[in-house]
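Here's target.pdb, which has PDB, C-alpha atoms, pLDDT in the B column:
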ATOM      1  CA  MET C  22      12.738  23.784  10.932  1.00 40.00           C
ATOM      2  CA  GLY C  23      10.536  26.883  10.904  1.00 40.00           C
ATOM      3  CA  LYS C  24      12.094  30.285  10.988  1.00 48.00           C
ATOM      4  CA  GLU C  25      11.052  32.073  14.148  1.00 51.00           C
ATOM      5  CA  GLU C  26      10.718  35.832  14.447  1.00 63.00           C
ATOM      6  CA  ARG C  27      13.643  37.252  16.426  1.00 88.00           C
ATOM      7  CA  ASN C  28      13.361  40.430  18.430  1.00 91.00           C
ATOM      8  CA  LEU C  29      15.831  42.876  19.925  1.00 91.00           C
ATOM      9  CA  THR C  30      16.965  42.454  23.501  1.00 89.00           C
ATOM     10  CA  SER C  31      17.397  45.215  26.056  1.00 88.00           C
ATOM     11  CA  GLU C  32      21.195  44.800  25.816  1.00 91.00           C
ATOM     12  CA  ILE C  33      22.519  47.264  23.223  1.00 91.00           C
ATOM     13  CA  ASP C  34      25.871  45.440  22.847  1.00 92.00           C
ATOM     14  CA  ARG C  35      24.121  42.173  21.994  1.00 93.00           C
ATOM     15  CA  ASN C  36      21.857  43.963  19.471  1.00 93.00           C
ATOM     16  CA  GLU C  37      24.901  45.615  17.878  1.00 93.00           C
ATOM     17  CA  LYS C  38      26.690  42.271  17.549  1.00 94.00           C
ATOM     18  CA  LEU C  39      23.595  40.679  16.014  1.00 94.00           C
ATOM     19  CA  LEU C  40      23.146  43.460  13.439  1.00 94.00           C
ATOM     20  CA  LYS C  41      26.866  43.468  12.595  1.00 94.00           C
ATOM     21  CA  ASP C  42      26.620  39.730  11.990  1.00 94.00           C
ATOM     22  CA  ILE C  43      23.604  40.198   9.682  1.00 94.00           C
ATOM     23  CA  PHE C  44      25.300  43.026   7.745  1.00 94.00           C
ATOM     24  CA  ARG C  45      28.811  41.488   7.850  1.00 92.00           C
ATOM     25  CA  ASN C  46      29.311  41.650   4.054  1.00 90.00           C
ATOM     26  CA  CYS C  47      27.824  45.126   3.625  1.00 89.00           C
ATOM     27  CA  SER C  48      30.694  47.568   3.146  1.00 88.00           C
ATOM     28  CA  ASP C  49      28.674  50.795   3.468  1.00 89.00           C
ATOM     29  CA  ILE C  50      26.754  50.053   6.673  1.00 94.00           C
ATOM     30  CA  VAL C  51      27.454  52.563   9.451  1.00 93.00           C
ATOM     31  CA  PHE C  52      27.183  51.862  13.182  1.00 95.00           C
ATOM     32  CA  ARG C  53      27.403  55.272  14.863  1.00 92.00           C
ATOM     33  CA  LYS C  54      27.824  55.028  18.636  1.00 90.00           C
ATOM     34  CA  ILE C  55      26.761  57.789  21.006  1.00 87.00           C
ATOM     35  CA  ARG C  56      28.168  57.514  24.511  1.00 85.00           C
ATOM     36  CA  VAL C  57      27.051  59.210  27.712  1.00 78.00           C
ATOM     37  CA  ALA C  58      29.521  59.289  30.603  1.00 78.00           C
ATOM     38  CA  GLY C  59      31.608  56.621  28.847  1.00 78.00           C
ATOM     39  CA  HIS C  60      28.718  54.188  28.440  1.00 80.00           C
ATOM     40  CA  LEU C  61      27.125  53.309  25.111  1.00 81.00           C
ATOM     41  CA  GLN C  62      23.686  54.910  25.259  1.00 86.00           C
ATOM     42  CA  TRP C  63      22.531  54.972  21.623  1.00 89.00           C
ATOM     43  CA  LEU C  64      23.500  53.220  18.412  1.00 92.00           C
ATOM     44  CA  VAL C  65      22.442  54.666  15.059  1.00 93.00           C
ATOM     45  CA  VAL C  66      22.530  52.186  12.162  1.00 95.00           C
ATOM     46  CA  PHE C  67      22.172  53.153   8.487  1.00 94.00           C
ATOM     47  CA  ILE C  68      23.530  52.462   5.011  1.00 92.00           C
ATOM     48  CA  LYS C  69      25.686  55.376   3.945  1.00 88.00           C
ATOM     49  CA  SER C  70      24.814  55.302   0.235  1.00 84.00           C
ATOM     50  CA  LEU C  71      21.032  55.221   0.833  1.00 86.00           C
ATOM     51  CA  VAL C  72      20.575  58.048   3.325  1.00 86.00           C
ATOM     52  CA  ASP C  73      21.055  61.777   3.575  1.00 84.00           C
ATOM     53  CA  GLU C  74      23.863  61.975   6.154  1.00 85.00           C
ATOM     54  CA  LYS C  75      23.243  65.684   6.706  1.00 86.00           C
ATOM     55  CA  MET C  76      19.676  64.885   7.754  1.00 83.00           C
ATOM     56  CA  ILE C  77      20.920  62.193  10.157  1.00 84.00           C
ATOM     57  CA  ASP C  78      23.440  64.605  11.673  1.00 85.00           C
ATOM     58  CA  GLU C  79      20.931  67.441  12.080  1.00 81.00           C
ATOM     59  CA  HIS C  80      17.770  65.582  13.084  1.00 77.00           C
ATOM     60  CA  VAL C  81      19.016  62.497  14.903  1.00 81.00           C
ATOM     61  CA  ILE C  82      22.629  62.714  16.129  1.00 81.00           C
ATOM     62  CA  LYS C  83      22.465  66.394  17.060  1.00 80.00           C
ATOM     63  CA  SER C  84      19.272  65.821  19.057  1.00 76.00           C
ATOM     64  CA  LEU C  85      20.811  62.936  20.981  1.00 76.00           C
ATOM     65  CA  VAL C  86      24.129  64.700  21.680  1.00 75.00           C
ATOM     66  CA  LYS C  87      22.492  68.012  22.589  1.00 71.00           C
ATOM     67  CA  ASN C  88      20.315  66.393  25.208  1.00 60.00           C
ATOM     68  CA  ASP C  89      22.819  63.941  26.659  1.00 55.00           C
ATOM     69  CA  ASN C  90      23.959  66.339  29.396  1.00 52.00           C
ATOM     70  CA  THR C  91      20.503  67.442  30.463  1.00 49.00           C
ATOM     71  CA  ARG C  92      18.686  64.167  30.043  1.00 47.00           C
ATOM     72  CA  ASP C  93      17.410  62.040  32.858  1.00 49.00           C
ATOM     73  CA  GLU C  94      16.184  58.461  32.893  1.00 48.00           C
ATOM     74  CA  GLN C  95      12.979  59.355  31.012  1.00 43.00           C
ATOM     75  CA  PHE C  96      14.787  59.380  27.638  1.00 47.00           C
ATOM     76  CA  GLU C  97      15.767  55.733  27.889  1.00 52.00           C
ATOM     77  CA  GLU C  98      12.404  54.645  26.467  1.00 59.00           C
ATOM     78  CA  VAL C  99      12.185  54.751  22.685  1.00 60.00           C
ATOM     79  CA  GLU C 100       8.678  56.257  22.626  1.00 59.00           C
ATOM     80  CA  ILE C 101       9.788  59.267  24.681  1.00 56.00           C
ATOM     81  CA  LEU C 102      12.915  59.553  22.540  1.00 60.00           C
ATOM     82  CA  ASP C 103      10.649  59.693  19.488  1.00 54.00           C
ATOM     83  CA  ASP C 104       8.359  62.345  20.965  1.00 55.00           C
ATOM     84  CA  GLN C 105      10.902  64.631  22.597  1.00 53.00           C
ATOM     85  CA  MET C 106      14.317  64.309  21.007  1.00 55.00           C
ATOM     86  CA  VAL C 107      14.374  63.180  17.378  1.00 62.00           C
ATOM     87  CA  SER C 108      13.045  65.881  15.072  1.00 59.00           C
ATOM     88  CA  ALA C 109      12.676  63.937  11.813  1.00 60.00           C
ATOM     89  CA  ALA C 110       9.383  63.921   9.960  1.00 62.00           C
ATOM     90  CA  ASN C 111       8.535  60.218   9.886  1.00 78.00           C
ATOM     91  CA  THR C 112       9.442  57.936  12.782  1.00 81.00           C
ATOM     92  CA  ASN C 113       8.177  54.615  14.072  1.00 84.00           C
ATOM     93  CA  THR C 114       9.172  51.974  16.630  1.00 87.00           C
ATOM     94  CA  THR C 115       9.796  48.259  16.196  1.00 89.00           C
ATOM     95  CA  GLY C 116      11.444  45.411  18.049  1.00 90.00           C
ATOM     96  CA  SER C 117      11.560  42.966  15.139  1.00 92.00           C
ATOM     97  CA  ILE C 118      15.032  42.317  13.737  1.00 93.00           C
ATOM     98  CA  SER C 119      13.679  41.370  10.307  1.00 93.00           C
ATOM     99  CA  GLU C 120      11.735  44.657  10.177  1.00 94.00           C
ATOM    100  CA  ILE C 121      14.846  46.605  11.200  1.00 94.00           C
ATOM    101  CA  VAL C 122      16.932  44.919   8.493  1.00 94.00           C
ATOM    102  CA  ARG C 123      14.221  45.600   5.887  1.00 93.00           C
ATOM    103  CA  LEU C 124      13.983  49.278   6.849  1.00 93.00           C
ATOM    104  CA  VAL C 125      17.762  49.803   6.907  1.00 93.00           C
ATOM    105  CA  LEU C 126      17.923  48.321   3.398  1.00 91.00           C
ATOM    106  CA  MET C 127      15.185  50.760   2.311  1.00 90.00           C
ATOM    107  CA  GLY C 128      17.174  53.809   3.456  1.00 88.00           C
ATOM    108  CA  TYR C 129      15.961  54.335   7.013  1.00 90.00           C
ATOM    109  CA  ALA C 130      18.153  54.994  10.033  1.00 91.00           C
ATOM    110  CA  VAL C 131      17.556  52.890  13.138  1.00 92.00           C
ATOM    111  CA  VAL C 132      18.256  54.212  16.649  1.00 90.00           C
ATOM    112  CA  LEU C 133      18.849  51.544  19.308  1.00 92.00           C
ATOM    113  CA  THR C 134      18.675  52.617  22.938  1.00 88.00           C
ATOM    114  CA  ALA C 135      20.477  50.952  25.853  1.00 88.00           C
ATOM    115  CA  GLY C 136      18.023  49.208  28.149  1.00 88.00           C
ATOM    116  CA  ASP C 137      15.170  49.087  25.616  1.00 88.00           C
ATOM    117  CA  SER C 138      14.140  46.176  23.401  1.00 90.00           C
ATOM    118  CA  ASN C 139      12.561  48.456  20.787  1.00 90.00           C
ATOM    119  CA  ALA C 140      14.271  50.611  18.174  1.00 91.00           C
ATOM    120  CA  LEU C 141      13.296  53.929  16.650  1.00 88.00           C
ATOM    121  CA  THR C 142      13.212  53.974  12.840  1.00 88.00           C
ATOM    122  CA  VAL C 143      13.687  57.337  11.147  1.00 87.00           C
ATOM    123  CA  THR C 144      13.018  58.217   7.509  1.00 84.00           C
ATOM    124  CA  VAL C 145      16.206  59.823   6.182  1.00 81.00           C
ATOM    125  CA  SER C 146      16.432  58.538   2.603  1.00 76.00           C
ATOM    126  CA  GLY C 147      18.581  60.557   0.306  1.00 70.00           C
ATOM    127  CA  LEU C 148      18.700  59.196  -3.213  1.00 61.00           C
ATOM    128  CA  ASP C 149      20.821  60.773  -5.919  1.00 57.00           C
ATOM    129  CA  LYS C 150      18.934  63.534  -7.662  1.00 57.00           C
ATOM    130  CA  ARG C 151      21.064  64.049 -10.739  1.00 59.00           C
ATOM    131  CA  THR C 152      19.135  64.405 -13.982  1.00 61.00           C
ATOM    132  CA  PRO C 153      20.278  63.220 -17.414  1.00 62.00           C
ATOM    133  CA  GLU C 154      22.246  65.800 -19.390  1.00 64.00           C
ATOM    134  CA  ASP C 155      23.611  66.096 -22.908  1.00 64.00           C
ATOM    135  CA  PRO C 156      27.239  64.993 -22.807  1.00 62.00           C
ATOM    136  CA  THR C 157      29.538  67.795 -23.854  1.00 66.00           C
ATOM    137  CA  SER C 158      32.696  65.747 -24.363  1.00 67.00           C
ATOM    138  CA  GLU C 159      31.208  62.980 -26.526  1.00 67.00           C
ATOM    139  CA  PRO C 160      29.121  64.134 -29.517  1.00 70.00           C
ATOM    140  CA  VAL C 161      26.667  61.513 -30.808  1.00 66.00           C
ATOM    141  CA  ILE C 162      25.467  61.371 -34.415  1.00 72.00           C
ATOM    142  CA  ARG C 163      22.738  58.760 -33.858  1.00 74.00           C
ATOM    143  CA  GLY C 164      21.156  57.387 -30.700  1.00 67.00           C
ATOM    144  CA  PRO C 165      20.344  58.739 -27.269  1.00 68.00           C
ATOM    145  CA  ARG C 166      22.014  61.954 -26.234  1.00 64.00           C
ATOM    146  CA  GLU C 167      21.598  61.709 -22.458  1.00 64.00           C
ATOM    147  CA  GLY C 168      24.445  61.024 -20.092  1.00 62.00           C
ATOM    148  CA  PHE C 169      24.746  60.303 -16.366  1.00 61.00           C
ATOM    149  CA  ILE C 170      27.534  60.974 -13.921  1.00 62.00           C
ATOM    150  CA  GLU C 171      27.384  59.032 -10.686  1.00 63.00           C
ATOM    151  CA  HIS C 172      29.525  58.400  -7.645  1.00 60.00           C
ATOM    152  CA  ILE C 173      31.328  55.085  -7.425  1.00 61.00           C
ATOM    153  CA  SER C 174      29.169  54.052  -4.433  1.00 59.00           C
ATOM    154  CA  THR C 175      26.015  54.452  -6.522  1.00 56.00           C
TER     155      THR C 175
END

Any chance you could put this one into structure tokens?
Amino acid sequence: MGKEERNLTSEIDRNEKLLKDIFRNCSDIVFRKIRVAGHLQWLVVFIKSLVDEKMIDEHVIKSLVKNDNTRDEQFEEVEILDDQMVSAANTNTTGSISEIVRLVLMGYAVVLTAGDSNALTVTVSGLDKRTPEDPTSEPVIRGPREGFIEHIST
């Protein structure tokens, strides 16, 4: 049996269920729902340990929430969402589930829109930037003198 390329549907609930099934064993995946008038309008998907959450909040979530009261039907298309609402530097659109999974695993955030079979991918990677330091609590007579301190999620 050949593996066929699967694409998103225009039903956001079905897309959410599909992505949750794909990422079912991933403990740090985040599905952030944004509702308008009680209806699920957008779904932002990302891996918490690979992204800069501050950048997602400021450039993606804030843009969607700020415009949810003044928006009309024109923002339901992903291309217009990309041009007018999301203020991140590097964005793209795709409808391929395998491409979405690949990008999420690389540290992108994906914005799914209700009624659209394409998703907006946003570059928001935020890798740890800690540099090696000389450990102060453990003196070393021979060998390397660098030490790292990382979060448990890293």

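From atom CA of C:Val122 back to atom CA of C:Asn28, the distance works out to 11.5 Å.
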
(request) Kindly indicate which residue among C:Ser31, C:Asn36, C:Ser84, C:Thr144 lies nearest to C:Val125, using all atoms listed in the file for the distances. (result) C:Thr144

(message) One number please: atom CA of C:Phe67 to atom CA of C:Leu126, in Å, one decimal.
(response) 8.2 Å

(message) If the PyMOL selection byres ((chain C and resi 32) around 12) were run on this exact file, what residues would it hold? Put them as a PyMOL selection string.
(response) chain C and resi 28-31+33-39+61-64+133-140

(message) Can you spell out as a list in words the set of residues that the PyMOL selection byres ((chain C and resi 128-130) around 6) selects in the structure I just provided?
(response) Val66, Phe67, Leu71, Val72, Leu124, Val125, Leu126, Met127, Val131, Thr142, Val143, Thr144, Val145 and Ser146 of chain C

Generate a file of the selected residues that holds C-alpha atoms, formatted as a compact mmCIF listing (two decimals), keeping the file's coordinate frame.
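Result written to selection_25.txt:
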# COMPACT_ATOMS: atom_id res chain seq x y z
CA VAL C 66 22.53 52.19 12.16
CA PHE C 67 22.17 53.15 8.49
CA LEU C 71 21.03 55.22 0.83
CA VAL C 72 20.58 58.05 3.32
CA LEU C 124 13.98 49.28 6.85
CA VAL C 125 17.76 49.80 6.91
CA LEU C 126 17.92 48.32 3.40
CA MET C 127 15.18 50.76 2.31
CA VAL C 131 17.56 52.89 13.14
CA THR C 142 13.21 53.97 12.84
CA VAL C 143 13.69 57.34 11.15
CA THR C 144 13.02 58.22 7.51
CA VAL C 145 16.21 59.82 6.18
CA SER C 146 16.43 58.54 2.60

Give the padded box for stretch 47-58 of chain C as AutoDock Vina command-line options: axis-aligned, covering all atoms listed in the file, 3 Å on each side, centre and edge lengths in Å to one decimal.
--center_x 28.7 --center_y 52.2 --center_z 16.9 --size_x 9.9 --size_y 20.2 --size_z 33.5

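Interatomic distance, atom CA of C:Asp49 against atom CA of C:Lys69: 5.5 Å.
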